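Student: This is the structure I have questions about; it appears just below.
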Amino acid sequence: MNKMKTEGSLESTINAVEGDDSVPGSDSEYTVQNEGTELDKKDMWRMGKKQQLRRNFRFFSIFGFVMVLMATWEGQLSGSIFGLINGGTGGLIWMYIATFSGLMCAILSMSEMASMAPTTGGQYHWVSEFAPPSAQKFLSYLVGWVCVLGWQTGAVLISFVMASQVQGLAILNYPDTYQPERWHLTPITIAILTACMTFNTLFYRHLPLLETLALILHVGGFFAILIPLWVMGPRPASTREVFFTFTDGGGWGNAGLSCLVGILSPIFGFIGSDSATHMSEELRNASKSLPRAMIITMILNGILGFVMLVTFCMVLGGFGDGLDDILSTPTTQPFIQVFYEVVQNKAGATVMTCILMLMEVCGVINNIATSSRQLWAFARDKGVPFADWFAVVQRTNNLPMNALIFTYSFAVVVSFINIGSNIAFNVITSLGTAALLTSYIISISCITIKRIRGETLLPSHFKLGTMGLPLNIISVSFLLLSFIMAFFPPTPQPAPETMNWTAAVYGAVIIFSLVFYVVRGRHVYAGPVSYVRKSA
């Protein structure tokens with residue numbers, strides 16, 4: 001009897017998309033202006049989805065969207081301290097090169113899948129189509145959960161980093177009058193989130209324009225910071241020392257292991273390159289534009305990030321014995337102290353830092369947009385509790401407003417946790433990297449298996465050809481190493497406040513998703529492959 005109910009529930013869900021005019025979470029009379037090109041319509045028809053979002057993005061605007069969200073050169077400045085402790089300047093530089101090489105293979109692999117199936121669901125949809133039939137439903141469900149929750153932590157984490165930089169500037173400019181408190185970070189974080197949420201709702205039609213302007217600032221700001229560091233920064237006694245000085249500041253007892261622990265610094269600057277896929281149903285000519293945007297973004301951001309990282313390390317090398325003072329700066333932000341020491345002017349250091357913070361604001365805007373679309377897509381396929389509510393798209397503006405509201409509310413609630421315990425805050429915000437790496441590993445592994453078995457792949461405008469299998473294998477190998485290192489703390493015996501809590505929160509999410517799957521998910525979640533039309 002229960003089996004009959006389960007089959008009936010799944011059948012009713014699948015039948016909801018069998019016609020040309022309806023999908024879960026919509027009604028048959030719902031139409032959208034700007035549905036995209038004929039190619040977009042063909043792709044949506046094949047995947048069994050109805051166009052509900054407005055396709056406002058073109059190639060250049062989605063290119064800017066990903067460039068700004070990845071913020072690679074900005075990340076090498078703000079997130080360098082972890083790698084400086086574990087690996088030193090040499091470790092930072094060589095781990096950056098290794099990370100770029102490994103993730104470039106992953107981006108190429110995901111770009112091919114994005115061209116085959118350009119959907120907002122991204123990784124969980126690809127797993128549903130490319131995994132072995134016996135594992136399609138469960139694996140896609142699991143990937144959907146980790147991907148959704150991984151993205152949900154992004155907006156509050158970036159906002160909190162920016163709030164810490166605001167506090168750092170206050171310490172720099174008002175050392176005698178400002179007394180920093182941990183709770184100060186929460187209202188600043190909420191203010192940033194509120195401003196970015198406002199743009200995502202009231203000014204959403206201007207989001208493509210913002211991405212174009214932000215891209216200009218991304219490139220212009222790069223030179224605005226790079227040139228002062230080049231011209232006014234100290235020079236190291238030996239360039240070779242900068243490139244080949246490896247330190248074990250974490251106390252791992254081995255410089256090689258310490259460098260591997262420090263690999264998280266460059267990973268932070270490249271993670272999130274899949275964001276374009278989660279905006280694909282708002283992009284014209286998605287199956288062609290997506291892979292181009294993802295690949296070009298990785299290459300250009302990789303170059304900018306490398307130049308900025310080497311410059312930053314050379315400047316640090318020039319400080320010599322003063323490097324320890326830089327790392328222990330009262331601002332808690334080593335790069336702010338570097339800016340000040342280089343320009344010898346608080347106003348100049350403040351302006352340089354504000355350039356980074358402007359980019360972070362744009363990053364939060366993009367993160368909220370990406371997170372809400374990912375949640376909406378998974379809800380459309382009945383993957384989360386209250387799926388019907390999350391899957392609603394407002395007819396007046398073609399926005400997944402309920403998903404946006406949840407994304408903003410979740411971030412605000414998490415920011416309050418910092419007042420009571422920064423440990424608990426770190427527990428929740430540590431999920432993102434491991435979760436996204438999981439989604440990359442499983443999705444690329446699925447298409448790797450198809451290639452090994454000699455199965456026919458879906459037609460696409462971007463093909464890896466004979467290089468597909470080697471690139472897929474390199475991708476999975478590097479991602480597995482990165483996934484393992486994502487759980488390492490900065491030191492072998494960390495205190496609770498410095499512990500890497502990724503394993504705890506990651507395990508909790510997996511357990512919760514499995515429980516929900518057993519109790520309800522398996523009865524209502526069919527997986528995107530169930531909606532796909534075989535004769536596209």
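We label chains A, B, ... in the order they appear in the structure tokens, count residues from 1 in each chain, and number ligands from 1 in the order shown.
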Could you find all residues in segment 12-232 of chain A that DSSP calls alpha helix (DSSP H) from the backbone, and write them as a count of residues only?

Tutor: 157

Student: Can I get the residues of segment 186-218 of chain A within 12 Å of segment 408-426 of chain A, each with the closest pair of atoms and their distance in Å to one decimal, using only C-alpha atoms, sorted chain first then ascending number, as a Markdown table?

Tutor:
```
| residue | atom | partner | partner_atom | distance |
| --- | --- | --- | --- | --- |
| A:Thr186 | CA | A:Ser415 | CA | 5.6 |
| A:Pro187 | CA | A:Ser415 | CA | 8.4 |
| A:Ile188 | CA | A:Ser415 | CA | 9.6 |
| A:Thr189 | CA | A:Ser415 | CA | 6.8 |
| A:Ile190 | CA | A:Val412 | CA | 5.9 |
| A:Ala191 | CA | A:Val412 | CA | 9.4 |
| A:Ile192 | CA | A:Val412 | CA | 10.1 |
| A:Leu193 | CA | A:Tyr408 | CA | 7.0 |
| A:Thr194 | CA | A:Tyr408 | CA | 7.7 |
| A:Ala195 | CA | A:Tyr408 | CA | 10.6 |
| A:Cys196 | CA | A:Tyr408 | CA | 9.1 |
| A:Met197 | CA | A:Tyr408 | CA | 6.6 |
| A:Thr198 | CA | A:Tyr408 | CA | 10.0 |
| A:Phe199 | CA | A:Tyr408 | CA | 11.9 |
| A:Asn200 | CA | A:Tyr408 | CA | 10.2 |
| A:Thr201 | CA | A:Tyr408 | CA | 11.1 |
```

Student: Can you spit out the residues from that selection as a CSV table (one decimal), in the first residue's frame, using C-alpha atoms?

Tutor:
```
chain,number,residue,atom,x,y,z
A,186,THR,CA,26.7,41.9,13.6
A,187,PRO,CA,24.9,45.2,12.8
A,188,ILE,CA,27.5,46.0,10.1
A,189,THR,CA,26.9,42.6,8.6
A,190,ILE,CA,23.1,43.0,8.6
A,191,ALA,CA,23.4,46.5,7.1
A,192,ILE,CA,25.5,45.0,4.2
A,193,LEU,CA,23.0,42.2,3.7
A,194,THR,CA,20.0,44.5,3.7
A,195,ALA,CA,21.5,46.8,1.1
A,196,CYS,CA,22.4,43.9,-1.1
A,197,MET,CA,18.9,42.3,-0.7
A,198,THR,CA,17.3,45.6,-1.6
A,199,PHE,CA,19.2,45.7,-4.8
A,200,ASN,CA,18.2,42.1,-5.6
A,201,THR,CA,14.5,43.0,-5.2
```

Student: Write out, as CSV, each residue of segment 485-520 of chain A that has an atom at most 12 Å from segment 67-90 of chain A, together with the closest pair of atoms and their distance in Å to one decimal, counting only C-alpha atoms, rows going by chain and rising number.

Tutor:
```
residue,atom,partner,partner_atom,distance
A:Phe488,CA,A:Asn86,CA,11.3
A:Pro489,CA,A:Phe82,CA,10.1
A:Pro490,CA,A:Phe82,CA,7.2
A:Thr491,CA,A:Asn86,CA,8.6
A:Pro492,CA,A:Asn86,CA,11.3
A:Thr498,CA,A:Phe82,CA,11.3
A:Asn500,CA,A:Phe82,CA,11.8
```

Student: Calculated over only C-alpha atoms, which of the candidates A:Trp252, A:Phe339, A:Tyr124, A:Phe483 has the smallest distance to Thr277 of chain A?

Tutor: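 Among A:Trp252, A:Phe339, A:Tyr124, A:Phe483, it is A:Tyr124 that comes nearest to Thr277 of chain A.
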
Student: Would you kindly return, as a VMD selection string, each protein, DNA or RNA residue with an atom no farther than 12 Å from any atom of Val219 of chain A, considering only C-alpha atoms and excluding same-chain residues fewer than 4 positions away?

Tutor: chain A and resid 64 67 to 68 71 to 74 212 to 215 223 to 226 300 to 301 303 to 305 308 355 to 356 359

Student: What does the file look like for those residues with N, CA and C atoms, as a compact mmCIF listing (two decimals), in the first residue's frame?

Tutor:
```
# COMPACT_ATOMS: atom_id res chain seq x y z
N GLY A 64 30.82 39.26 -16.24
CA GLY A 64 31.11 40.14 -15.12
C GLY A 64 30.59 39.58 -13.81
N MET A 67 33.11 36.91 -12.67
CA MET A 67 34.39 37.55 -12.33
C MET A 67 34.31 38.20 -10.96
N VAL A 68 33.22 38.93 -10.71
CA VAL A 68 33.07 39.67 -9.47
C VAL A 68 32.80 38.73 -8.30
N ALA A 71 36.06 36.96 -7.36
CA ALA A 71 36.92 37.95 -6.69
C ALA A 71 38.28 37.36 -6.35
N THR A 72 38.96 36.83 -7.36
CA THR A 72 40.19 36.08 -7.11
C THR A 72 41.31 36.97 -6.59
N TRP A 73 41.59 38.09 -7.26
CA TRP A 73 42.70 38.91 -6.78
C TRP A 73 42.38 39.55 -5.43
N GLU A 74 41.11 39.89 -5.22
CA GLU A 74 40.71 40.43 -3.92
C GLU A 74 40.88 39.39 -2.82
N THR A 212 28.29 44.82 -15.33
CA THR A 212 29.20 45.48 -16.26
C THR A 212 30.03 46.54 -15.55
N LEU A 213 29.38 47.35 -14.70
CA LEU A 213 30.10 48.38 -13.96
C LEU A 213 31.06 47.76 -12.95
N ALA A 214 30.61 46.69 -12.30
CA ALA A 214 31.46 46.02 -11.31
C ALA A 214 32.68 45.39 -11.97
N LEU A 215 32.50 44.90 -13.20
CA LEU A 215 33.64 44.32 -13.92
C LEU A 215 34.69 45.39 -14.21
N PHE A 223 44.43 47.58 -10.76
CA PHE A 223 45.58 48.44 -11.04
C PHE A 223 45.72 49.54 -10.00
N ALA A 224 44.60 50.01 -9.45
CA ALA A 224 44.66 51.05 -8.43
C ALA A 224 45.38 50.59 -7.17
N ILE A 225 45.35 49.30 -6.90
CA ILE A 225 46.05 48.75 -5.73
C ILE A 225 47.43 48.23 -6.12
N LEU A 226 47.51 47.62 -7.29
CA LEU A 226 48.78 47.02 -7.72
C LEU A 226 49.87 48.07 -7.90
N LEU A 300 41.19 34.69 -16.83
CA LEU A 300 41.51 36.08 -16.52
C LEU A 300 41.65 36.30 -15.01
N ASN A 301 40.72 35.75 -14.23
CA ASN A 301 40.84 35.89 -12.79
C ASN A 301 42.10 35.21 -12.27
N ILE A 303 44.96 34.94 -13.86
CA ILE A 303 46.10 35.80 -14.16
C ILE A 303 46.16 36.98 -13.19
N LEU A 304 45.02 37.66 -13.01
CA LEU A 304 44.98 38.81 -12.10
C LEU A 304 45.36 38.39 -10.68
N GLY A 305 44.83 37.26 -10.25
CA GLY A 305 45.11 36.79 -8.90
C GLY A 305 46.58 36.45 -8.71
N MET A 308 48.67 39.71 -8.50
CA MET A 308 48.46 40.37 -7.21
C MET A 308 49.12 39.58 -6.08
N ILE A 355 38.21 50.02 -1.97
CA ILE A 355 38.06 49.42 -3.30
C ILE A 355 37.70 47.94 -3.14
N LEU A 356 38.41 47.25 -2.25
CA LEU A 356 38.10 45.84 -2.00
C LEU A 356 36.69 45.68 -1.45
N MET A 359 33.98 45.87 -4.05
CA MET A 359 33.89 44.62 -4.78
C MET A 359 33.16 43.56 -3.95
```

Student: Could you give me, as a list in words, the residues within 12 Å of Met467 of chain A, counting only C-alpha atoms and dropping anything in the same chain fewer than 4 positions from it?

Tutor: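 Surrounding residues, per the criterion: Cys105, Leu108, Ser109, Glu112, Thr448, Arg451, Lys463, Leu471, Asn472, Ile473 and Ile474 of chain A.
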
Student: Convert the current residue selection to file output with all heavy atoms, as a PDB file, in the first residue's frame.

Tutor:
```pdb
ATOM      1  N   CYS A 105      40.937  22.397 -14.777  1.00  0.00           N
ATOM      2  CA  CYS A 105      40.417  21.133 -15.320  1.00  0.00           C
ATOM      3  C   CYS A 105      38.964  20.920 -14.892  1.00  0.00           C
ATOM      4  O   CYS A 105      38.127  20.458 -15.685  1.00  0.00           O
ATOM      5  CB  CYS A 105      41.275  19.964 -14.847  1.00  0.00           C
ATOM      6  SG  CYS A 105      42.973  19.982 -15.463  1.00  0.00           S
ATOM      7  N   LEU A 108      36.681  23.281 -16.912  1.00  0.00           N
ATOM      8  CA  LEU A 108      36.479  22.753 -18.267  1.00  0.00           C
ATOM      9  C   LEU A 108      35.465  21.617 -18.256  1.00  0.00           C
ATOM     10  O   LEU A 108      34.588  21.531 -19.131  1.00  0.00           O
ATOM     11  CB  LEU A 108      37.811  22.274 -18.843  1.00  0.00           C
ATOM     12  CG  LEU A 108      38.827  23.364 -19.208  1.00  0.00           C
ATOM     13  CD1 LEU A 108      40.192  22.748 -19.511  1.00  0.00           C
ATOM     14  CD2 LEU A 108      38.334  24.177 -20.400  1.00  0.00           C
ATOM     15  N   SER A 109      35.556  20.744 -17.248  1.00  0.00           N
ATOM     16  CA  SER A 109      34.619  19.618 -17.140  1.00  0.00           C
ATOM     17  C   SER A 109      33.202  20.109 -16.895  1.00  0.00           C
ATOM     18  O   SER A 109      32.243  19.632 -17.528  1.00  0.00           O
ATOM     19  CB  SER A 109      35.065  18.693 -16.000  1.00  0.00           C
ATOM     20  OG  SER A 109      36.347  18.166 -16.237  1.00  0.00           O
ATOM     21  N   GLU A 112      31.530  21.847 -19.962  1.00  0.00           N
ATOM     22  CA  GLU A 112      30.953  20.913 -20.929  1.00  0.00           C
ATOM     23  C   GLU A 112      29.566  20.463 -20.481  1.00  0.00           C
ATOM     24  O   GLU A 112      28.621  20.415 -21.277  1.00  0.00           O
ATOM     25  CB  GLU A 112      31.867  19.712 -21.104  1.00  0.00           C
ATOM     26  CG  GLU A 112      31.391  18.732 -22.160  1.00  0.00           C
ATOM     27  CD  GLU A 112      32.286  17.515 -22.278  1.00  0.00           C
ATOM     28  OE1 GLU A 112      32.668  16.957 -21.223  1.00  0.00           O
ATOM     29  OE2 GLU A 112      32.601  17.119 -23.414  1.00  0.00           O
ATOM     30  N   THR A 448      32.567  11.220 -15.808  1.00  0.00           N
ATOM     31  CA  THR A 448      33.772  10.393 -15.990  1.00  0.00           C
ATOM     32  C   THR A 448      33.386   8.927 -16.173  1.00  0.00           C
ATOM     33  O   THR A 448      33.932   8.236 -17.050  1.00  0.00           O
ATOM     34  CB  THR A 448      34.701  10.533 -14.771  1.00  0.00           C
ATOM     35  OG1 THR A 448      35.037  11.907 -14.577  1.00  0.00           O
ATOM     36  CG2 THR A 448      35.979   9.733 -14.971  1.00  0.00           C
ATOM     37  N   ARG A 451      32.060   8.264 -19.590  1.00  0.00           N
ATOM     38  CA  ARG A 451      33.122   8.191 -20.595  1.00  0.00           C
ATOM     39  C   ARG A 451      33.857   6.856 -20.515  1.00  0.00           C
ATOM     40  O   ARG A 451      34.185   6.238 -21.534  1.00  0.00           O
ATOM     41  CB  ARG A 451      34.099   9.350 -20.402  1.00  0.00           C
ATOM     42  CG  ARG A 451      33.630  10.662 -20.982  1.00  0.00           C
ATOM     43  CD  ARG A 451      34.787  11.655 -21.109  1.00  0.00           C
ATOM     44  NE  ARG A 451      34.478  12.667 -22.096  1.00  0.00           N
ATOM     45  CZ  ARG A 451      34.038  13.895 -21.814  1.00  0.00           C
ATOM     46  NH1 ARG A 451      33.843  14.244 -20.540  1.00  0.00           N
ATOM     47  NH2 ARG A 451      33.784  14.753 -22.788  1.00  0.00           N
ATOM     48  N   LYS A 463      32.676  21.010 -26.411  1.00  0.00           N
ATOM     49  CA  LYS A 463      33.059  19.608 -26.210  1.00  0.00           C
ATOM     50  C   LYS A 463      34.533  19.515 -25.841  1.00  0.00           C
ATOM     51  O   LYS A 463      35.375  20.228 -26.403  1.00  0.00           O
ATOM     52  CB  LYS A 463      32.799  18.795 -27.480  1.00  0.00           C
ATOM     53  CG  LYS A 463      31.347  18.705 -27.914  1.00  0.00           C
ATOM     54  CD  LYS A 463      31.233  17.896 -29.186  1.00  0.00           C
ATOM     55  CE  LYS A 463      29.789  17.634 -29.582  1.00  0.00           C
ATOM     56  NZ  LYS A 463      29.064  18.876 -29.929  1.00  0.00           N
ATOM     57  N   LEU A 471      41.015  15.031 -18.517  1.00  0.00           N
ATOM     58  CA  LEU A 471      40.678  16.233 -17.751  1.00  0.00           C
ATOM     59  C   LEU A 471      39.729  15.904 -16.605  1.00  0.00           C
ATOM     60  O   LEU A 471      39.865  16.447 -15.497  1.00  0.00           O
ATOM     61  CB  LEU A 471      40.060  17.287 -18.669  1.00  0.00           C
ATOM     62  CG  LEU A 471      41.016  17.989 -19.638  1.00  0.00           C
ATOM     63  CD1 LEU A 471      40.246  18.853 -20.624  1.00  0.00           C
ATOM     64  CD2 LEU A 471      42.025  18.826 -18.872  1.00  0.00           C
ATOM     65  N   ASN A 472      38.764  15.025 -16.870  1.00  0.00           N
ATOM     66  CA  ASN A 472      37.828  14.617 -15.812  1.00  0.00           C
ATOM     67  C   ASN A 472      38.552  13.921 -14.668  1.00  0.00           C
ATOM     68  O   ASN A 472      38.300  14.193 -13.487  1.00  0.00           O
ATOM     69  CB  ASN A 472      36.758  13.683 -16.381  1.00  0.00           C
ATOM     70  CG  ASN A 472      35.817  14.352 -17.363  1.00  0.00           C
ATOM     71  OD1 ASN A 472      35.162  13.684 -18.153  1.00  0.00           O
ATOM     72  ND2 ASN A 472      35.735  15.681 -17.330  1.00  0.00           N
ATOM     73  N   ILE A 473      39.481  13.029 -14.994  1.00  0.00           N
ATOM     74  CA  ILE A 473      40.209  12.275 -13.965  1.00  0.00           C
ATOM     75  C   ILE A 473      41.105  13.208 -13.145  1.00  0.00           C
ATOM     76  O   ILE A 473      41.163  13.121 -11.909  1.00  0.00           O
ATOM     77  CB  ILE A 473      41.041  11.153 -14.615  1.00  0.00           C
ATOM     78  CG1 ILE A 473      40.106  10.095 -15.209  1.00  0.00           C
ATOM     79  CG2 ILE A 473      41.975  10.518 -13.588  1.00  0.00           C
ATOM     80  CD1 ILE A 473      40.819   9.002 -15.986  1.00  0.00           C
ATOM     81  N   ILE A 474      41.801  14.128 -13.821  1.00  0.00           N
ATOM     82  CA  ILE A 474      42.639  15.099 -13.098  1.00  0.00           C
ATOM     83  C   ILE A 474      41.770  15.955 -12.181  1.00  0.00           C
ATOM     84  O   ILE A 474      42.143  16.238 -11.029  1.00  0.00           O
ATOM     85  CB  ILE A 474      43.416  15.986 -14.095  1.00  0.00           C
ATOM     86  CG1 ILE A 474      44.426  15.147 -14.868  1.00  0.00           C
ATOM     87  CG2 ILE A 474      44.117  17.125 -13.364  1.00  0.00           C
ATOM     88  CD1 ILE A 474      45.106  15.904 -16.000  1.00  0.00           C
TER      89      ILE A 474
END
```

Student: Which neighbours of Gln167 of chain A fall inside 8 Å, counting only C-alpha atoms, when residues of the same chain fewer than 3 positions from it are skipped, and could you give them as a list in words?

Tutor: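 That gives Ala163, Ser164, Ala170, Ile171, Pro180, Leu185 and Thr331 of chain A.
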
Student: Ranking A:Gly507, A:Gly220, A:Gly269, A:Gly233 by minimum distance to Met298 of chain A and counting only C-alpha atoms, which one comes first?

Tutor: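 Of the candidates, the smallest distance to Met298 of chain A is held by A:Gly269.
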
Student: Could you list, as a short mmCIF file (atom, residue, chain, number, x, y, z; two decimals) with N, CA and C atoms, in the first residue's frame, every residue within 7 Å of Thr120 of chain A, counting only C-alpha atoms and ignoring same-chain residues fewer than 6 positions away?

Tutor:
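File produced: out_27.cif:
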```cif
data_model
loop_
_atom_site.label_atom_id
_atom_site.label_comp_id
_atom_site.auth_asym_id
_atom_site.auth_seq_id
_atom_site.Cartn_x
_atom_site.Cartn_y
_atom_site.Cartn_z
N THR A 277 26.14 28.91 -13.76
CA THR A 277 25.15 27.90 -14.11
C THR A 277 23.84 28.12 -13.37
N HIS A 278 23.91 28.66 -12.15
CA HIS A 278 22.70 28.86 -11.37
C HIS A 278 21.92 30.11 -11.81
N MET A 279 22.50 30.86 -12.75
CA MET A 279 21.80 32.00 -13.36
C MET A 279 21.47 31.70 -14.83
N SER A 280 21.64 30.44 -15.24
CA SER A 280 21.55 30.10 -16.67
C SER A 280 20.16 30.32 -17.24
N GLU A 281 19.12 30.19 -16.43
CA GLU A 281 17.76 30.41 -16.94
C GLU A 281 17.40 31.88 -17.00
N ARG A 373 18.46 31.39 -6.42
CA ARG A 373 18.10 30.62 -7.63
C ARG A 373 18.37 29.14 -7.43
N GLN A 374 19.47 28.81 -6.76
CA GLN A 374 19.78 27.41 -6.50
C GLN A 374 18.71 26.78 -5.62
N ALA A 377 15.45 26.38 -7.66
CA ALA A 377 15.50 25.26 -8.61
C ALA A 377 15.30 23.93 -7.90
#
```

Student: Just the residues within 9 Å of Ile449 of chain A, please, counting only C-alpha atoms, with nothing from its chain fewer than 5 positions along; format it as an mmCIF file with N, CA and C atoms, in the first residue's frame.

Tutor:
```cif
data_model
loop_
_atom_site.group_PDB
_atom_site.id
_atom_site.type_symbol
_atom_site.label_atom_id
_atom_site.label_comp_id
_atom_site.auth_asym_id
_atom_site.auth_seq_id
_atom_site.Cartn_x
_atom_site.Cartn_y
_atom_site.Cartn_z
ATOM 1 N N PHE A 130 23.466 12.236 -15.541
ATOM 2 C CA PHE A 130 24.679 11.534 -15.939
ATOM 3 C C PHE A 130 25.077 10.390 -15.018
ATOM 4 N N ALA A 131 24.514 10.321 -13.811
ATOM 5 C CA ALA A 131 24.867 9.238 -12.888
ATOM 6 C C ALA A 131 24.286 7.910 -13.378
ATOM 7 N N PRO A 132 24.853 6.776 -12.947
ATOM 8 C CA PRO A 132 24.241 5.481 -13.265
ATOM 9 C C PRO A 132 22.786 5.471 -12.808
ATOM 10 N N ILE A 444 31.296 15.662 -11.659
ATOM 11 C CA ILE A 444 32.338 15.324 -12.631
ATOM 12 C C ILE A 444 32.600 13.820 -12.635
ATOM 13 N N GLY A 454 31.993 4.220 -22.124
ATOM 14 C CA GLY A 454 31.765 4.412 -23.548
ATOM 15 C C GLY A 454 30.338 4.792 -23.887
ATOM 16 N N GLU A 455 29.607 5.340 -22.935
ATOM 17 C CA GLU A 455 28.217 5.731 -23.169
ATOM 18 C C GLU A 455 28.155 7.038 -23.954
#
```

Student: For Ala349 of chain A, which residue out of A:Ser372, A:Ser101, A:Gln51, A:Gln165 is the nearest one, using only C-alpha atoms?

Tutor: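 For Ala349 of chain A, the nearest of the given residues is A:Gln165.
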
Student: Which residue, A:Gly383, A:Gly348, A:Pro236, A:Gly251, has the smallest gap to Phe319 of chain A when you use only C-alpha atoms?

Tutor: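 When distances to Phe319 of chain A are compared using only C-alpha atoms, the smallest one comes from A:Pro236.
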
Student: I need the residue nearest Ser289 of chain A from this list: A:Ala114, A:Ile510, A:Leu358, A:Leu210. Use only C-alpha atoms for the distance.

Tutor: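 Closest residue, counting only C-alpha atoms: A:Ala114.
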